[in-house]
Amino acid sequence: MTERFVTRGFTGRPRAAGASTPGDAASRTPPGQYLTTDFPVLSAGPTPRTPLDRWSFYIEGLVREPVTWTWDEFTALPAREWTVDISCVTKWTKLDMRWRGVSVDTLFEHVDLQPNAAFAIAHADGGYTTNLPIGDILNGQAFVAWEYDGKPLAPEHGGPARLVVPARYFWKSAKWVRGIRLIDQDVPGFWEGLGYHNRGDQWLEERYSGD
Amino acid sequence: MASPIAWRLATVTGVRDETPTVRSFTLSIPDWAGHRAGQHVDLRLTAADGYSVERSYSIASEPERLREIDLTVERIEDGEVSPFLHDVVVPGDRIEVRGPIGGYFVWEASGAMATEPLFLVAGGSGVVPLMAMLRHRARTGAHNPARLLFSSRHLEEVIYREELDRLAAAGDGLEVAHTLTRSQPPGWMGFARRIDDRMIGEVLAPLGSGARSFICGPTALVEVAANTLVRIGLPADRVRTERFGPTGT
């Protein structure tokens, strides 16, 4: 459809100044998204529960020496607060979500990436995977969080720890993340292999394969 | 690079009430390539000034119906799209739609799935994608043992109640168990509480742990159902979930 189709009778919510979506919030809402104050839960299967004494986090693949942290070691890494806007491909956007966690940059300080390491696959309990170019998770663009809104991250929201990549649709923010594998060729993750976009930039509305 | 899932113009050819707050819409889509039971579509509404919104809705109809789909939509009081669909849309209107979307929460009457026991758990309008599976199952003549455990608040809020009664009476291996959580009519023989592990165990028992399960509803219901099934011994990759609604507390 080259010309814009107008839906008969649809006006939408009032959009004048001072309406339900203030200007700042409107400018932070990607195309096709609506603002929510809830924190909806979406998962493809049951919520895994790994006891913290059996939990670990690894970086492996194209690194000189793989590294593994226990829960205590991981949460002792230099952490910080992150306040970010999150957009889910199911159309909700939630502003100013407060997390605590460690940046992927900090994690990568503990490994020597080989020059051909170009893509990352996040692995999670339950078998979930998602793929990201390394360039999309460096320089403060991604972190692994274990607190949300001042409290331990709830299991249904991905606890004990979740990858968070705010500049991508939320399926890239793997719940129950347990490790990152570095590879030289891009490989689709779980949803990326089921018709969702390989990159998932919400500002370009990259929802589905081919968008 | 895959080609994009194109926006198509659907024509509304039917509107019918399912319950006081739930309505089904039949969309005719001449170049619809078909879908699988459990998938959803995106709708896009655009105002004259260019403002537009999108929402995802599960497909309620079976794939055997060609070139048209049914959507079943609950009216969300403070929503922006569902009140428009309920209050404004009439047959003859056209709406932009694209899909089908989603390839995991899918049941097909082919291969192993056609004969494996099927255990469906629904809360409220979470029944919609499961109804597509049951309609598909009926249309293909599948006889695998199947159970739907369906939680609604009141009897008059049970979506597809008469059709579910008919499907369960067909003698093809399907049984439907209802629970009414807020009020029950006199003489009610079904469950009368929120879905819990005991209820799931009771309904699932005849199917055994070899069942394949699909669960759709509010988060609290999905959590209880999925956790219980894993505890009973269903492999996690045979328990597929779709969730909606606020997280509640």
# chains A, B, ... in the order shown; residues from 1 in each chain; ligands from 1
>>> closest_atom_pairs(of="chain B", to="chain A", cutoff="6 Å", atoms="only C-alpha atoms", output="JSON lines")
{"residue": "B:Ala2", "atom": "CA", "partner": "A:Gly210", "partner_atom": "CA", "distance": 4.8}
{"residue": "B:Ser3", "atom": "CA", "partner": "A:Gly210", "partner_atom": "CA", "distance": 4.8}
{"residue": "B:Pro4", "atom": "CA", "partner": "A:Gly210", "partner_atom": "CA", "distance": 4.0}
{"residue": "B:Leu45", "atom": "CA", "partner": "A:Thr7", "partner_atom": "CA", "distance": 5.7}
{"residue": "B:Thr46", "atom": "CA", "partner": "A:Val6", "partner_atom": "CA", "distance": 5.1}
{"residue": "B:Ala47", "atom": "CA", "partner": "A:Thr11", "partner_atom": "CA", "distance": 5.0}
{"residue": "B:Ala48", "atom": "CA", "partner": "A:Val6", "partner_atom": "CA", "distance": 5.8}
{"residue": "B:Val53", "atom": "CA", "partner": "A:Gly32", "partner_atom": "CA", "distance": 5.4}
{"residue": "B:Glu54", "atom": "CA", "partner": "A:Gly32", "partner_atom": "CA", "distance": 5.4}
{"residue": "B:Gly103", "atom": "CA", "partner": "A:Leu194", "partner_atom": "CA", "distance": 5.5}
{"residue": "B:Ala226", "atom": "CA", "partner": "A:Pro46", "partner_atom": "CA", "distance": 5.1}
{"residue": "B:Val239", "atom": "CA", "partner": "A:Gly45", "partner_atom": "CA", "distance": 5.8}
{"residue": "B:Arg240", "atom": "CA", "partner": "A:Gly45", "partner_atom": "CA", "distance": 4.6}
{"residue": "B:Thr241", "atom": "CA", "partner": "A:Gly45", "partner_atom": "CA", "distance": 4.9}
{"residue": "B:Arg243", "atom": "CA", "partner": "A:Leu42", "partner_atom": "CA", "distance": 5.5}
{"residue": "B:Pro246", "atom": "CA", "partner": "A:Pro40", "partner_atom": "CA", "distance": 5.4}
{"residue": "B:Thr247", "atom": "CA", "partner": "A:Pro40", "partner_atom": "CA", "distance": 5.6}
>>> write_last_selection(atoms="N, CA and C atoms", output="compact mmCIF listing (two decimals), in the first residue's frame")
# COMPACT_ATOMS: atom_id res chain seq x y z
N ALA B 2 14.12 -12.23 3.86
CA ALA B 2 12.72 -12.59 3.63
C ALA B 2 11.93 -11.36 3.21
N SER B 3 10.87 -11.59 2.46
CA SER B 3 10.04 -10.44 2.11
C SER B 3 9.17 -10.11 3.30
N PRO B 4 8.86 -8.83 3.44
CA PRO B 4 8.08 -8.42 4.61
C PRO B 4 6.70 -9.05 4.62
N LEU B 45 -4.81 0.61 12.86
CA LEU B 45 -5.85 1.61 12.69
C LEU B 45 -5.17 2.96 12.45
N THR B 46 -5.66 3.69 11.46
CA THR B 46 -5.04 4.97 11.13
C THR B 46 -6.11 6.06 11.08
N ALA B 47 -5.86 7.15 11.80
CA ALA B 47 -6.78 8.29 11.80
C ALA B 47 -6.49 9.19 10.60
N ALA B 48 -7.41 10.11 10.33
CA ALA B 48 -7.28 10.97 9.15
C ALA B 48 -6.02 11.83 9.22
N VAL B 53 -2.26 3.27 15.30
CA VAL B 53 -1.94 2.35 16.38
C VAL B 53 -2.01 0.93 15.83
N GLU B 54 -1.25 0.04 16.49
CA GLU B 54 -1.26 -1.36 16.10
C GLU B 54 -1.50 -2.20 17.35
N GLY B 103 5.28 -18.76 15.45
CA GLY B 103 5.39 -20.12 14.94
C GLY B 103 5.65 -21.15 16.02
N ALA B 226 1.76 -23.75 34.10
CA ALA B 226 3.01 -24.23 33.51
C ALA B 226 3.90 -24.86 34.58
N VAL B 239 5.45 -27.71 26.92
CA VAL B 239 4.52 -26.82 27.61
C VAL B 239 4.70 -25.44 27.01
N ARG B 240 3.78 -25.04 26.17
CA ARG B 240 3.95 -23.78 25.45
C ARG B 240 2.95 -22.76 25.98
N THR B 241 3.42 -21.53 26.13
CA THR B 241 2.61 -20.54 26.82
C THR B 241 2.46 -19.28 26.00
N ARG B 243 0.89 -15.30 27.02
CA ARG B 243 0.39 -14.58 28.20
C ARG B 243 -0.14 -13.23 27.79
N PRO B 246 -2.12 -7.47 32.59
CA PRO B 246 -1.18 -6.87 33.54
C PRO B 246 -0.64 -7.93 34.48
N THR B 247 0.46 -7.60 35.15
CA THR B 247 1.06 -8.57 36.06
C THR B 247 0.31 -8.66 37.35
>>> residues_around(residues="Glu81 of chain A", least_positions_apart="6", cutoff="8 Å", atoms="only C-alpha atoms", output="MDAnalysis selection string")
chainID A and resid 98:101
>>> write_last_selection(atoms="C-alpha atoms", output="JSON list (two decimals), in the first residue's frame")
[["chain", "number", "residue", "atom", "x", "y", "z"],
["A", 98, "ARG", "CA", 15.02, 0.99, 36.76],
["A", 99, "TRP", "CA", 17.43, -1.93, 36.83],
["A", 100, "ARG", "CA", 20.64, -2.80, 38.60],
["A", 101, "GLY", "CA", 23.26, -4.89, 36.90]]
>>> residues_around(residues="Ala145 of chain A", least_positions_apart="4", cutoff="9 Å", atoms="only C-alpha atoms", output="short mmCIF file (atom, residue, chain, number, x, y, z; two decimals) with all heavy atoms, in the first residue's frame")
data_model
loop_
_atom_site.label_atom_id
_atom_site.label_comp_id
_atom_site.auth_asym_id
_atom_site.auth_seq_id
_atom_site.Cartn_x
_atom_site.Cartn_y
_atom_site.Cartn_z
N ALA A 79 28.67 -3.02 39.51
CA ALA A 79 27.32 -2.89 38.99
C ALA A 79 26.91 -1.43 39.05
O ALA A 79 27.55 -0.62 39.72
CB ALA A 79 26.35 -3.74 39.79
N TRP A 82 20.57 1.38 36.05
CA TRP A 82 20.25 1.71 34.66
C TRP A 82 18.78 2.12 34.62
O TRP A 82 17.93 1.38 35.11
CB TRP A 82 20.43 0.51 33.74
CG TRP A 82 21.78 -0.15 33.82
CD1 TRP A 82 22.24 -0.96 34.80
CD2 TRP A 82 22.84 -0.04 32.86
NE1 TRP A 82 23.51 -1.38 34.53
CE2 TRP A 82 23.90 -0.83 33.35
CE3 TRP A 82 22.99 0.64 31.65
CZ2 TRP A 82 25.11 -0.96 32.64
CZ3 TRP A 82 24.18 0.50 30.96
CH2 TRP A 82 25.23 -0.28 31.45
N TRP A 99 16.78 -0.64 36.64
CA TRP A 99 17.43 -1.93 36.83
C TRP A 99 18.74 -1.74 37.56
O TRP A 99 19.30 -0.65 37.58
CB TRP A 99 17.75 -2.59 35.47
CG TRP A 99 16.64 -2.67 34.50
CD1 TRP A 99 16.19 -1.65 33.70
CD2 TRP A 99 15.83 -3.80 34.19
NE1 TRP A 99 15.16 -2.10 32.91
CE2 TRP A 99 14.91 -3.42 33.19
CE3 TRP A 99 15.79 -5.11 34.67
CZ2 TRP A 99 13.98 -4.29 32.66
CZ3 TRP A 99 14.87 -5.99 34.13
CH2 TRP A 99 13.97 -5.58 33.14
N ARG A 100 19.27 -2.80 38.11
CA ARG A 100 20.64 -2.80 38.60
C ARG A 100 21.33 -4.02 38.01
O ARG A 100 20.79 -5.13 38.00
CB ARG A 100 20.68 -2.86 40.13
CG ARG A 100 22.09 -2.84 40.68
CD ARG A 100 22.14 -2.67 42.20
NE ARG A 100 23.53 -2.58 42.64
CZ ARG A 100 24.26 -1.48 42.56
NH1 ARG A 100 23.74 -0.37 42.08
NH2 ARG A 100 25.53 -1.48 42.95
N GLY A 101 22.54 -3.78 37.50
CA GLY A 101 23.26 -4.89 36.90
C GLY A 101 24.60 -4.45 36.37
O GLY A 101 25.02 -3.31 36.56
N VAL A 102 25.25 -5.37 35.69
CA VAL A 102 26.61 -5.15 35.22
C VAL A 102 26.60 -5.02 33.69
O VAL A 102 25.89 -5.76 33.02
CB VAL A 102 27.54 -6.30 35.69
CG1 VAL A 102 27.05 -7.65 35.21
CG2 VAL A 102 28.97 -6.07 35.24
N SER A 103 27.36 -4.08 33.19
CA SER A 103 27.37 -3.87 31.74
C SER A 103 28.11 -5.01 31.05
O SER A 103 29.02 -5.63 31.63
CB SER A 103 28.01 -2.53 31.39
OG SER A 103 29.41 -2.61 31.51
N LEU A 153 15.15 -9.42 40.79
CA LEU A 153 14.34 -9.61 39.58
C LEU A 153 13.49 -10.88 39.72
O LEU A 153 14.02 -11.97 39.96
CB LEU A 153 15.28 -9.70 38.37
CG LEU A 153 14.63 -9.81 37.01
CD1 LEU A 153 13.75 -8.59 36.72
CD2 LEU A 153 15.70 -9.95 35.94
N GLY A 159 14.32 -13.37 36.27
CA GLY A 159 15.26 -13.60 37.36
C GLY A 159 15.67 -15.05 37.46
O GLY A 159 14.94 -15.92 36.99
N PRO A 160 16.85 -15.31 37.97
CA PRO A 160 17.66 -14.37 38.76
C PRO A 160 18.37 -13.29 37.95
O PRO A 160 18.64 -12.23 38.50
CB PRO A 160 18.70 -15.28 39.45
CG PRO A 160 18.77 -16.51 38.62
CD PRO A 160 17.40 -16.69 38.03
N ALA A 161 18.68 -13.51 36.69
CA ALA A 161 19.38 -12.48 35.93
C ALA A 161 18.90 -12.47 34.50
O ALA A 161 18.62 -13.52 33.91
CB ALA A 161 20.89 -12.70 35.98
N ARG A 162 18.82 -11.25 33.96
CA ARG A 162 18.31 -11.09 32.61
C ARG A 162 19.23 -10.17 31.83
O ARG A 162 19.68 -9.14 32.34
CB ARG A 162 16.91 -10.45 32.70
CG ARG A 162 16.32 -10.10 31.36
CD ARG A 162 14.90 -9.57 31.50
NE ARG A 162 14.24 -9.66 30.21
CZ ARG A 162 12.94 -9.64 30.02
NH1 ARG A 162 12.12 -9.52 31.04
NH2 ARG A 162 12.42 -9.73 28.81
N LEU A 163 19.49 -10.54 30.59
CA LEU A 163 20.17 -9.63 29.67
C LEU A 163 19.20 -8.51 29.33
O LEU A 163 18.01 -8.77 29.09
CB LEU A 163 20.59 -10.38 28.40
CG LEU A 163 21.29 -9.55 27.32
CD1 LEU A 163 22.66 -9.07 27.80
CD2 LEU A 163 21.44 -10.37 26.04
N VAL A 164 19.66 -7.27 29.29
CA VAL A 164 18.80 -6.15 28.89
C VAL A 164 19.51 -5.36 27.80
O VAL A 164 20.65 -4.92 27.98
CB VAL A 164 18.46 -5.24 30.09
CG1 VAL A 164 17.53 -4.12 29.65
CG2 VAL A 164 17.82 -6.05 31.22
#
>>> residues_around(residues="Pro133 of chain A", least_positions_apart="5", cutoff="12 Å", atoms="only C-alpha atoms", output="CSV table (one decimal) with C-alpha atoms, in the first residue's frame")
chain,number,residue,atom,x,y,z
A,116,ASN,CA,36.8,-12.7,14.3
A,117,ALA,CA,34.3,-12.6,17.2
A,118,ALA,CA,31.5,-10.6,15.5
A,119,PHE,CA,28.2,-12.0,16.9
A,120,ALA,CA,26.9,-13.0,20.3
A,121,ILE,CA,24.4,-15.6,21.2
A,122,ALA,CA,22.8,-15.2,24.6
A,138,LEU,CA,29.2,-2.9,23.6
A,141,GLN,CA,24.2,-0.7,25.2
A,142,ALA,CA,23.6,-3.9,27.1
A,165,VAL,CA,19.4,-4.5,25.5
A,168,ARG,CA,16.2,-3.5,20.7
A,172,LYS,CA,16.5,-9.7,22.6
A,180,ILE,CA,27.1,-15.4,26.1
A,181,ARG,CA,28.8,-17.4,23.3
A,182,LEU,CA,30.8,-15.4,20.8
A,183,ILE,CA,30.9,-16.6,17.2
A,184,ASP,CA,32.0,-15.3,13.8
A,185,GLN,CA,28.9,-15.9,11.8
A,186,ASP,CA,25.4,-14.7,12.6
A,187,VAL,CA,23.0,-17.5,13.6
A,188,PRO,CA,19.3,-16.8,14.3
A,189,GLY,CA,18.1,-17.3,17.9
A,198,ASN,CA,17.0,-10.6,13.0
A,199,ARG,CA,18.0,-7.2,14.4
A,200,GLY,CA,14.8,-5.9,16.1
>>> residues_around(residues="Glu156 of chain B", least_positions_apart="3", cutoff="9 Å", atoms="only C-alpha atoms", output="ChimeraX atom specification")
/B:19-20,152-153,159,161
>>> write_last_selection(atoms="all heavy atoms", output="short mmCIF file (atom, residue, chain, number, x, y, z; two decimals), in the first residue's frame")
data_model
loop_
_atom_site.label_atom_id
_atom_site.label_comp_id
_atom_site.auth_asym_id
_atom_site.auth_seq_id
_atom_site.Cartn_x
_atom_site.Cartn_y
_atom_site.Cartn_z
N THR B 19 -19.97 -12.74 24.33
CA THR B 19 -20.40 -12.50 25.71
C THR B 19 -20.71 -11.00 25.78
O THR B 19 -20.49 -10.27 24.80
CB THR B 19 -19.29 -12.83 26.73
OG1 THR B 19 -18.31 -11.79 26.71
CG2 THR B 19 -18.62 -14.17 26.46
N PRO B 20 -21.18 -10.50 26.93
CA PRO B 20 -21.45 -9.06 27.00
C PRO B 20 -20.23 -8.18 26.70
O PRO B 20 -20.39 -7.02 26.30
CB PRO B 20 -21.91 -8.87 28.46
CG PRO B 20 -22.50 -10.21 28.84
CD PRO B 20 -21.67 -11.22 28.12
N SER B 152 -13.24 -19.01 33.73
CA SER B 152 -13.96 -17.76 33.47
C SER B 152 -14.47 -17.25 34.82
O SER B 152 -14.51 -17.99 35.80
CB SER B 152 -15.15 -17.99 32.53
OG SER B 152 -14.74 -18.66 31.35
N ARG B 153 -14.88 -15.99 34.86
CA ARG B 153 -15.35 -15.46 36.15
C ARG B 153 -16.80 -15.87 36.41
O ARG B 153 -17.15 -16.34 37.47
CB ARG B 153 -15.18 -13.95 36.18
CG ARG B 153 -13.71 -13.55 36.20
CD ARG B 153 -13.54 -12.07 36.27
NE ARG B 153 -14.20 -11.39 35.15
CZ ARG B 153 -14.16 -10.09 34.94
NH1 ARG B 153 -13.51 -9.29 35.76
NH2 ARG B 153 -14.77 -9.56 33.90
N ILE B 159 -16.63 -17.57 27.02
CA ILE B 159 -16.55 -17.35 25.57
C ILE B 159 -16.73 -18.69 24.86
O ILE B 159 -16.21 -19.71 25.30
CB ILE B 159 -15.19 -16.71 25.22
CG1 ILE B 159 -15.00 -15.41 26.01
CG2 ILE B 159 -15.06 -16.45 23.73
CD1 ILE B 159 -13.58 -14.86 25.96
N ARG B 161 -19.25 -20.68 24.67
CA ARG B 161 -19.78 -21.73 25.56
C ARG B 161 -20.57 -22.79 24.79
O ARG B 161 -20.35 -23.99 24.96
CB ARG B 161 -20.66 -21.10 26.64
CG ARG B 161 -21.27 -22.12 27.59
CD ARG B 161 -21.57 -21.49 28.92
NE ARG B 161 -22.45 -20.35 28.80
CZ ARG B 161 -23.75 -20.37 29.10
NH1 ARG B 161 -24.31 -21.48 29.53
NH2 ARG B 161 -24.48 -19.30 28.97
#
>>> select_by_dssp(residues="segment 138-197 of chain B", states="helix (DSSP H, G or I)", output="ChimeraX atom specification")
/B:138-140,155-157,161-168,197
>>> write_last_selection(atoms="N, CA and C atoms", output="CSV table (one decimal), in the first residue's frame")
chain,number,residue,atom,x,y,z
B,138,ALA,N,-11.3,-30.4,15.2
B,138,ALA,CA,-12.6,-30.9,14.8
B,138,ALA,C,-12.7,-31.1,13.3
B,139,ARG,N,-12.3,-30.0,12.6
B,139,ARG,CA,-12.4,-30.0,11.1
B,139,ARG,C,-11.6,-31.1,10.5
B,140,THR,N,-10.4,-31.5,11.1
B,140,THR,CA,-9.6,-32.5,10.5
B,140,THR,C,-10.0,-33.9,10.9
B,155,LEU,N,-20.6,-17.5,34.5
B,155,LEU,CA,-21.1,-18.3,33.4
B,155,LEU,C,-21.4,-17.5,32.1
B,156,GLU,N,-22.0,-16.3,32.3
B,156,GLU,CA,-22.3,-15.5,31.1
B,156,GLU,C,-21.0,-14.9,30.4
B,157,GLU,N,-19.9,-15.1,31.1
B,157,GLU,CA,-18.6,-14.6,30.5
B,157,GLU,C,-17.8,-15.7,29.8
B,161,ARG,N,-19.3,-20.7,24.7
B,161,ARG,CA,-19.8,-21.7,25.6
B,161,ARG,C,-20.6,-22.8,24.8
B,162,GLU,N,-21.5,-22.3,23.9
B,162,GLU,CA,-22.3,-23.3,23.2
B,162,GLU,C,-21.5,-24.1,22.2
B,163,GLU,N,-20.6,-23.5,21.6
B,163,GLU,CA,-19.8,-24.2,20.6
B,163,GLU,C,-18.9,-25.2,21.3
B,164,LEU,N,-18.3,-24.9,22.5
B,164,LEU,CA,-17.5,-25.8,23.2
B,164,LEU,C,-18.4,-27.0,23.7
B,165,ASP,N,-19.6,-26.7,24.1
B,165,ASP,CA,-20.5,-27.8,24.4
B,165,ASP,C,-20.7,-28.8,23.2
B,166,ARG,N,-20.9,-28.2,22.1
B,166,ARG,CA,-21.1,-29.1,20.9
B,166,ARG,C,-19.9,-29.9,20.6
B,167,LEU,N,-18.7,-29.2,20.6
B,167,LEU,CA,-17.5,-29.9,20.3
B,167,LEU,C,-17.2,-31.0,21.3
B,168,ALA,N,-17.5,-30.8,22.6
B,168,ALA,CA,-17.3,-31.8,23.6
B,168,ALA,C,-18.3,-33.0,23.5
B,197,ASP,N,-3.0,-26.4,41.3
B,197,ASP,CA,-2.3,-27.6,40.8
B,197,ASP,C,-3.2,-28.9,41.0
>>> residues_around(residues="Asp85 of chain A", least_positions_apart="6", cutoff="9 Å", atoms="only C-alpha atoms", output="number ranges by chain")
A: 28-29, 93-97, 166-167
>>> write_last_selection(atoms="N, CA, C and O atoms", output="CSV table (one decimal), in the first residue's frame")
chain,number,residue,atom,x,y,z
A,28,ARG,N,9.3,9.6,23.0
A,28,ARG,CA,10.1,8.4,23.4
A,28,ARG,C,9.4,7.1,23.1
A,28,ARG,O,9.8,6.0,23.6
A,29,THR,N,8.2,7.2,22.5
A,29,THR,CA,7.5,6.0,22.1
A,29,THR,C,7.7,5.6,20.7
A,29,THR,O,7.3,6.4,19.8
A,93,THR,N,5.3,-0.3,25.4
A,93,THR,CA,6.5,0.4,25.7
A,93,THR,C,6.4,0.9,27.2
A,93,THR,O,5.3,1.5,27.5
A,94,LYS,N,7.4,0.8,27.9
A,94,LYS,CA,7.4,1.2,29.3
A,94,LYS,C,8.6,2.1,29.5
A,94,LYS,O,9.7,1.7,29.2
A,95,LEU,N,8.4,3.3,30.0
A,95,LEU,CA,9.4,4.3,30.2
A,95,LEU,C,10.1,4.2,31.6
A,95,LEU,O,9.5,3.8,32.5
A,96,ASP,N,11.3,4.6,31.6
A,96,ASP,CA,12.1,4.8,32.9
A,96,ASP,C,12.0,3.5,33.7
A,96,ASP,O,11.7,3.6,34.9
A,97,MET,N,12.4,2.4,33.2
A,97,MET,CA,12.5,1.2,34.0
A,97,MET,C,13.8,1.1,34.7
A,97,MET,O,14.8,1.3,34.0
A,166,PRO,N,18.3,-2.3,25.8
A,166,PRO,CA,17.1,-1.4,25.6
A,166,PRO,C,16.9,-0.9,24.2
A,166,PRO,O,15.8,-0.6,23.9
A,167,ALA,N,17.9,-0.9,23.3
A,167,ALA,CA,17.7,-0.4,22.0
A,167,ALA,C,17.1,-1.4,21.0
A,167,ALA,O,17.0,-1.1,19.8
>>> atom_distance(atom1="atom CA of Asp17 of chain B", atom2="atom CA of His86 of chain B")
9.4 Å
>>> select_by_dssp(residues="segment 102-214 of chain B", states="strand (DSSP E)", output="PyMOL selection string")
chain B and resi 118-123+146-152+174-180+212-214
>>> residues_around(residues="Asp53 of chain A", least_positions_apart="3", cutoff="10 Å", atoms="only C-alpha atoms", output="count of residues only")
5
>>> atom_distance(atom1="atom CA of Pro83 of chain B", atom2="atom CA of Trp203 of chain A")
27.1 Å
>>> closest_residue(among="A:Val67, A:Val84, A:Leu107, A:Ala174", to="Thr129 of chain A", atoms="only C-alpha atoms")
A:Ala174
>>> atom_distance(atom1="atom CA of Val89 of chain B", atom2="atom CA of Trp32 of chain B")
20.8 Å
